[in-house]
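Chemist: First, the structure itself, so that you have it in front of you.
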Amino acid sequence: MWTDVIHLRDFYSTSLGKVAQRVISRQLQVMWPDHSGQIVLGIGYSNPYLKLFYSNAERTLSAMPAAQGVLQWPSDNLSLTTLVDEIELPFPDLSIDRVLLIHALECTENVHPLLREIWRVLSGNGRLIVVAPNRQGLWAQLERTPFGHGQPYSPSQLSRLLKENFFTPVRTHPALFTPPSQSRMILSSSSAWEELGRRAFRSFAGVILTEAEKQIYATRATSNKKDRRRYIPAQQQTPRI
């Protein structure tokens with residue numbers, strides 16, 4: 001079940017959400033330090049993270065599933081957001097260099113069709129990063145944050161899922177060891193929590209970030225073209241009601 005876009009926006013406006021954004025952004029920068037001249041697509045609720053790529057990428061786009069809702073991004077410029085059907089992305093084959101999938105995989109009922117569509121639109125040397133709740137982590141056990149909804153994954157489960165859909169997992173980074181608490185003391189010491197978690201409690205991270213590359217020798221992925229629906233870019237900040 002998809003988490004509503006308003007709930008996601010409100011979470012990232014809280015102190016806890018800002019900590020989660022900072023921690024995950026730091027890992028994304030480690031995994032993708034150079035994206036200049038590339039086309040980057042965020043699928044799901046990726047808006048808080050796309051500013052990492054906005055300045056240097058050739059183009060940065062946000063694709064938000066219809067069942068989740070849509071918000072304009074960036075909020076202070078022309079919209080680069082489009083409302084999509086997650087199993088029929090409105091992009092040509094081989095047109096995207098990098099895809100960031102966040103607040104999406106754990107929510108959709110169309111896991112395999114979604115990954116096949118991502119495979120289709122990625123270029124031959126395209127890369128994908130999936131950010132998903134960690135099954136063993138505390139964040140997946142509590143519904144007070146978006147990471148406590150939907151289907152969590154273990155690192156091995158996520159890697160196996162990617163392999164089944166023509167991707168080769170390259171590396172996995174755990175993140176978000178800070179407890180999901182609004183306590184100021186805990187939030188102010190998030191850097192220490194992250195360092196301790198990476199050293200001693202890697203299995204209990206709140207999320208896992210797995211990078212995968214496209215298998216160019218795989219059979220061409222196909223999507224269901226029945227009942228074809230089209231969506232247009234969002235022109236203003238009008239969330240689904």
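To be explicit about the labels: the chains of the structure tokens are called A, B, and onward in the order shown, and within each one the residues are counted from 1, while ligands get numbers from 1 in the order they are shown.
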Can you check which residues of chain A DSSP gives as alpha helix (DSSP H) on the backbone and send them as a PyMOL selection string?

Modeler: chain A and resi 5-12+15-31+47-54+111-121+155-164+184-188+190-200

Chemist: Write to file, as a compact mmCIF listing (two decimals), in the first residue's frame, the residues of the selection just made, with C-alpha atoms.

Modeler:
# COMPACT_ATOMS: atom_id res chain seq x y z
CA VAL A 5 2.56 12.02 -0.49
CA ILE A 6 1.30 14.44 2.17
CA HIS A 7 2.40 12.07 4.93
CA LEU A 8 5.81 11.79 3.29
CA ARG A 9 6.16 15.55 2.92
CA ASP A 10 5.15 16.12 6.53
CA PHE A 11 7.60 13.49 7.79
CA TYR A 12 10.53 15.16 6.05
CA SER A 15 13.39 16.92 13.01
CA LEU A 16 13.46 13.13 12.65
CA GLY A 17 12.75 13.36 8.93
CA LYS A 18 15.55 15.87 8.45
CA VAL A 19 17.98 13.52 10.20
CA ALA A 20 16.86 10.63 7.98
CA GLN A 21 17.29 12.81 4.89
CA ARG A 22 20.77 13.90 5.93
CA VAL A 23 21.93 10.35 6.73
CA ILE A 24 20.58 8.81 3.53
CA SER A 25 21.86 11.73 1.42
CA ARG A 26 25.35 11.18 2.82
CA GLN A 27 25.31 7.57 1.66
CA LEU A 28 23.98 8.52 -1.77
CA GLN A 29 26.87 10.95 -2.18
CA VAL A 30 29.31 8.17 -1.31
CA MET A 31 27.76 5.79 -3.82
CA ASN A 47 12.13 14.85 -4.02
CA PRO A 48 14.13 15.40 -0.78
CA TYR A 49 17.15 13.71 -2.39
CA LEU A 50 17.08 14.98 -5.96
CA LYS A 51 18.75 18.26 -5.03
CA LEU A 52 21.95 16.20 -4.67
CA PHE A 53 21.95 15.77 -8.45
CA TYR A 54 20.13 18.87 -9.66
CA VAL A 111 7.34 -5.20 -7.77
CA HIS A 112 8.51 -7.19 -10.79
CA PRO A 113 6.78 -5.02 -13.45
CA LEU A 114 8.23 -1.90 -11.84
CA LEU A 115 11.77 -3.25 -11.89
CA ARG A 116 11.34 -4.46 -15.47
CA GLU A 117 10.24 -0.96 -16.48
CA ILE A 118 13.28 0.54 -14.79
CA TRP A 119 15.44 -1.97 -16.67
CA ARG A 120 13.81 -0.89 -19.94
CA VAL A 121 14.40 2.84 -19.54
CA PRO A 155 19.98 -7.28 2.02
CA SER A 156 19.93 -10.82 0.62
CA GLN A 157 16.24 -10.58 -0.31
CA LEU A 158 16.77 -7.30 -2.11
CA SER A 159 19.80 -8.62 -3.99
CA ARG A 160 17.89 -11.73 -5.04
CA LEU A 161 14.96 -9.62 -6.23
CA LEU A 162 17.24 -7.46 -8.35
CA LYS A 163 18.91 -10.50 -9.91
CA GLU A 164 15.50 -11.93 -10.80
CA ARG A 184 16.42 16.00 20.95
CA MET A 185 19.27 14.21 22.69
CA ILE A 186 19.08 11.24 20.29
CA LEU A 187 18.69 13.41 17.19
CA SER A 188 21.57 15.68 18.15
CA SER A 190 22.81 11.04 15.17
CA SER A 191 26.37 11.13 13.83
CA ALA A 192 27.56 9.07 16.78
CA TRP A 193 24.69 6.59 16.32
CA GLU A 194 25.57 6.19 12.64
CA GLU A 195 29.25 5.62 13.35
CA LEU A 196 28.49 3.08 16.08
CA GLY A 197 25.99 1.27 13.89
CA ARG A 198 28.35 0.97 10.94
CA ARG A 199 31.04 -0.46 13.21
CA ALA A 200 29.05 -2.85 15.39

Chemist: Apply DSSP to the structure's backbone, then extract all residues of stretch 3-237 of chain A labelled strand (DSSP E) and return them as an NGL selection string.

Modeler: :A and (39-44 or 59-65 or 81-84 or 96-102 or 122-133 or 167-175 or 207-214)

Chemist: Keeping only N, CA and C atoms, write the selected residues as a short mmCIF file (atom, residue, chain, number, x, y, z; two decimals), in the first residue's frame.

Modeler:
data_model
loop_
_atom_site.label_atom_id
_atom_site.label_comp_id
_atom_site.auth_asym_id
_atom_site.auth_seq_id
_atom_site.Cartn_x
_atom_site.Cartn_y
_atom_site.Cartn_z
N ILE A 39 21.54 11.79 -16.97
CA ILE A 39 20.11 11.99 -16.73
C ILE A 39 19.72 11.13 -15.53
N VAL A 40 19.25 11.78 -14.48
CA VAL A 40 18.91 11.11 -13.22
C VAL A 40 17.40 11.15 -13.03
N LEU A 41 16.84 10.00 -12.74
CA LEU A 41 15.39 9.89 -12.52
C LEU A 41 15.13 9.36 -11.11
N GLY A 42 14.31 10.07 -10.36
CA GLY A 42 13.86 9.59 -9.06
C GLY A 42 12.46 9.01 -9.20
N ILE A 43 12.24 7.83 -8.66
CA ILE A 43 10.93 7.18 -8.70
C ILE A 43 10.46 6.95 -7.28
N GLY A 44 9.20 7.28 -7.00
CA GLY A 44 8.67 7.23 -5.64
C GLY A 44 8.69 8.63 -5.07
N ARG A 59 20.17 16.36 -16.58
CA ARG A 59 18.74 16.55 -16.32
C ARG A 59 18.36 15.72 -15.11
N THR A 60 17.50 16.26 -14.28
CA THR A 60 17.01 15.55 -13.10
C THR A 60 15.49 15.56 -13.13
N LEU A 61 14.88 14.38 -13.00
CA LEU A 61 13.44 14.24 -13.12
C LEU A 61 12.88 13.48 -11.93
N SER A 62 11.64 13.79 -11.57
CA SER A 62 10.95 13.10 -10.49
C SER A 62 9.69 12.45 -11.04
N ALA A 63 9.59 11.12 -10.91
CA ALA A 63 8.41 10.38 -11.34
C ALA A 63 7.70 9.86 -10.10
N MET A 64 6.48 10.32 -9.88
CA MET A 64 5.74 9.98 -8.67
C MET A 64 4.53 9.13 -9.04
N PRO A 65 4.43 7.91 -8.50
CA PRO A 65 3.32 7.00 -8.84
C PRO A 65 1.96 7.60 -8.51
N THR A 81 8.53 17.33 -12.30
CA THR A 81 7.82 16.18 -11.75
C THR A 81 6.74 15.72 -12.72
N THR A 82 6.58 14.40 -12.82
CA THR A 82 5.50 13.85 -13.61
C THR A 82 4.80 12.75 -12.84
N LEU A 83 3.49 12.67 -12.98
CA LEU A 83 2.69 11.62 -12.36
C LEU A 83 2.70 10.42 -13.29
N VAL A 84 3.00 9.23 -12.76
CA VAL A 84 3.20 8.07 -13.63
C VAL A 84 2.44 6.85 -13.13
N ILE A 96 17.59 6.79 -19.70
CA ILE A 96 17.95 7.27 -18.36
C ILE A 96 19.28 6.65 -17.95
N ASP A 97 20.14 7.48 -17.35
CA ASP A 97 21.45 6.98 -16.91
C ASP A 97 21.42 6.42 -15.49
N ARG A 98 20.67 7.06 -14.61
CA ARG A 98 20.63 6.62 -13.22
C ARG A 98 19.22 6.76 -12.66
N VAL A 99 18.84 5.77 -11.88
CA VAL A 99 17.51 5.78 -11.24
C VAL A 99 17.68 5.63 -9.74
N LEU A 100 17.02 6.51 -9.00
CA LEU A 100 16.94 6.40 -7.54
C LEU A 100 15.52 5.99 -7.20
N LEU A 101 15.38 4.82 -6.57
CA LEU A 101 14.08 4.27 -6.20
C LEU A 101 13.95 4.32 -4.69
N ILE A 102 13.07 5.18 -4.18
CA ILE A 102 12.92 5.34 -2.73
C ILE A 102 11.46 5.62 -2.39
N LEU A 122 16.56 2.29 -18.50
CA LEU A 122 17.97 2.55 -18.21
C LEU A 122 18.84 2.34 -19.44
N SER A 123 19.85 3.15 -19.57
CA SER A 123 20.81 2.99 -20.67
C SER A 123 21.64 1.73 -20.46
N GLY A 124 22.45 1.39 -21.45
CA GLY A 124 23.21 0.15 -21.38
C GLY A 124 24.14 0.06 -20.18
N ASN A 125 24.69 1.18 -19.76
CA ASN A 125 25.55 1.19 -18.57
C ASN A 125 24.84 1.88 -17.40
N GLY A 126 23.51 1.82 -17.41
CA GLY A 126 22.72 2.49 -16.39
C GLY A 126 22.88 1.86 -15.00
N ARG A 127 22.65 2.68 -13.99
CA ARG A 127 22.76 2.24 -12.60
C ARG A 127 21.47 2.56 -11.85
N LEU A 128 21.18 1.71 -10.88
CA LEU A 128 20.00 1.86 -10.05
C LEU A 128 20.41 1.80 -8.58
N ILE A 129 19.88 2.71 -7.76
CA ILE A 129 20.00 2.59 -6.31
C ILE A 129 18.60 2.42 -5.73
N VAL A 130 18.42 1.34 -4.99
CA VAL A 130 17.17 1.09 -4.28
C VAL A 130 17.38 1.39 -2.81
N VAL A 131 16.53 2.24 -2.25
CA VAL A 131 16.53 2.50 -0.81
C VAL A 131 15.28 1.85 -0.25
N ALA A 132 15.44 0.89 0.65
CA ALA A 132 14.31 0.13 1.17
C ALA A 132 14.46 -0.08 2.67
N PRO A 133 13.34 -0.20 3.39
CA PRO A 133 13.42 -0.49 4.83
C PRO A 133 14.09 -1.83 5.07
N PHE A 167 19.16 -7.36 -13.04
CA PHE A 167 20.14 -6.43 -12.49
C PHE A 167 21.23 -7.20 -11.76
N THR A 168 22.42 -6.64 -11.77
CA THR A 168 23.53 -7.22 -11.02
C THR A 168 23.84 -6.32 -9.83
N PRO A 169 23.56 -6.76 -8.60
CA PRO A 169 23.89 -5.94 -7.44
C PRO A 169 25.39 -5.70 -7.37
N VAL A 170 25.77 -4.46 -7.10
CA VAL A 170 27.17 -4.06 -7.05
C VAL A 170 27.65 -3.90 -5.61
N ARG A 171 26.87 -3.23 -4.80
CA ARG A 171 27.24 -3.01 -3.41
C ARG A 171 26.01 -2.61 -2.61
N THR A 172 26.10 -2.84 -1.31
CA THR A 172 25.01 -2.49 -0.39
C THR A 172 25.57 -1.71 0.79
N HIS A 173 24.91 -0.61 1.11
CA HIS A 173 25.31 0.20 2.26
C HIS A 173 24.16 0.25 3.25
N PRO A 174 24.39 -0.08 4.52
CA PRO A 174 23.37 0.12 5.55
C PRO A 174 23.40 1.57 6.02
N ALA A 175 22.27 2.08 6.47
CA ALA A 175 22.21 3.45 6.98
C ALA A 175 21.03 3.59 7.92
N VAL A 207 17.57 1.40 7.06
CA VAL A 207 17.37 1.20 5.63
C VAL A 207 18.62 0.56 5.02
N ILE A 208 18.43 -0.03 3.86
CA ILE A 208 19.55 -0.54 3.08
C ILE A 208 19.52 0.14 1.71
N LEU A 209 20.69 0.52 1.26
CA LEU A 209 20.84 1.13 -0.06
C LEU A 209 21.63 0.15 -0.92
N THR A 210 21.01 -0.37 -1.94
CA THR A 210 21.68 -1.32 -2.83
C THR A 210 21.81 -0.72 -4.22
N GLU A 211 23.04 -0.70 -4.71
CA GLU A 211 23.29 -0.23 -6.07
C GLU A 211 23.40 -1.44 -6.99
N ALA A 212 22.79 -1.33 -8.16
CA ALA A 212 22.83 -2.43 -9.12
C ALA A 212 23.04 -1.86 -10.52
N GLU A 213 23.66 -2.68 -11.37
CA GLU A 213 23.84 -2.28 -12.76
C GLU A 213 22.97 -3.15 -13.65
N LYS A 214 22.62 -2.61 -14.77
CA LYS A 214 21.75 -3.31 -15.72
C LYS A 214 22.51 -4.43 -16.41
#

Chemist: In Å, how far is it from atom CA of A:Thr3 to atom CA of A:Ser181?

Modeler: 19.9 Å

Chemist: Taking into account only C-alpha atoms, which residue in the set A:Ala104, A:Leu176, A:Ala66, A:Ala205 is nearest to A:His149?

Modeler: A:Ala104

Chemist: Which residues are near A:Phe204? Cut-off 8 Å, only C-alpha atoms, ignore same chain within fewer than 4 positions. Put them as number ranges by chain.

Modeler: A: 134, 136-138, 177, 197

Chemist: I need the residues from that last selection saved to file as an mmCIF file, in the first residue's frame (with C-alpha atoms), if you can.

Modeler:
data_model
loop_
_atom_site.group_PDB
_atom_site.id
_atom_site.type_symbol
_atom_site.label_atom_id
_atom_site.label_comp_id
_atom_site.auth_asym_id
_atom_site.auth_seq_id
_atom_site.Cartn_x
_atom_site.Cartn_y
_atom_site.Cartn_z
ATOM 1 C CA ASN A 134 15.636 -3.101 6.443
ATOM 2 C CA GLN A 136 15.815 -6.346 10.870
ATOM 3 C CA GLY A 137 15.912 -2.642 11.605
ATOM 4 C CA LEU A 138 13.908 -0.816 14.261
ATOM 5 C CA PHE A 177 21.101 3.522 12.795
ATOM 6 C CA GLY A 197 25.986 1.268 13.892
#

Chemist: I need the residue nearest A:His35 from this list: A:Ala57, A:Ala140, A:Leu71, A:Leu89. Use only C-alpha atoms for the distance.

Modeler: A:Ala57
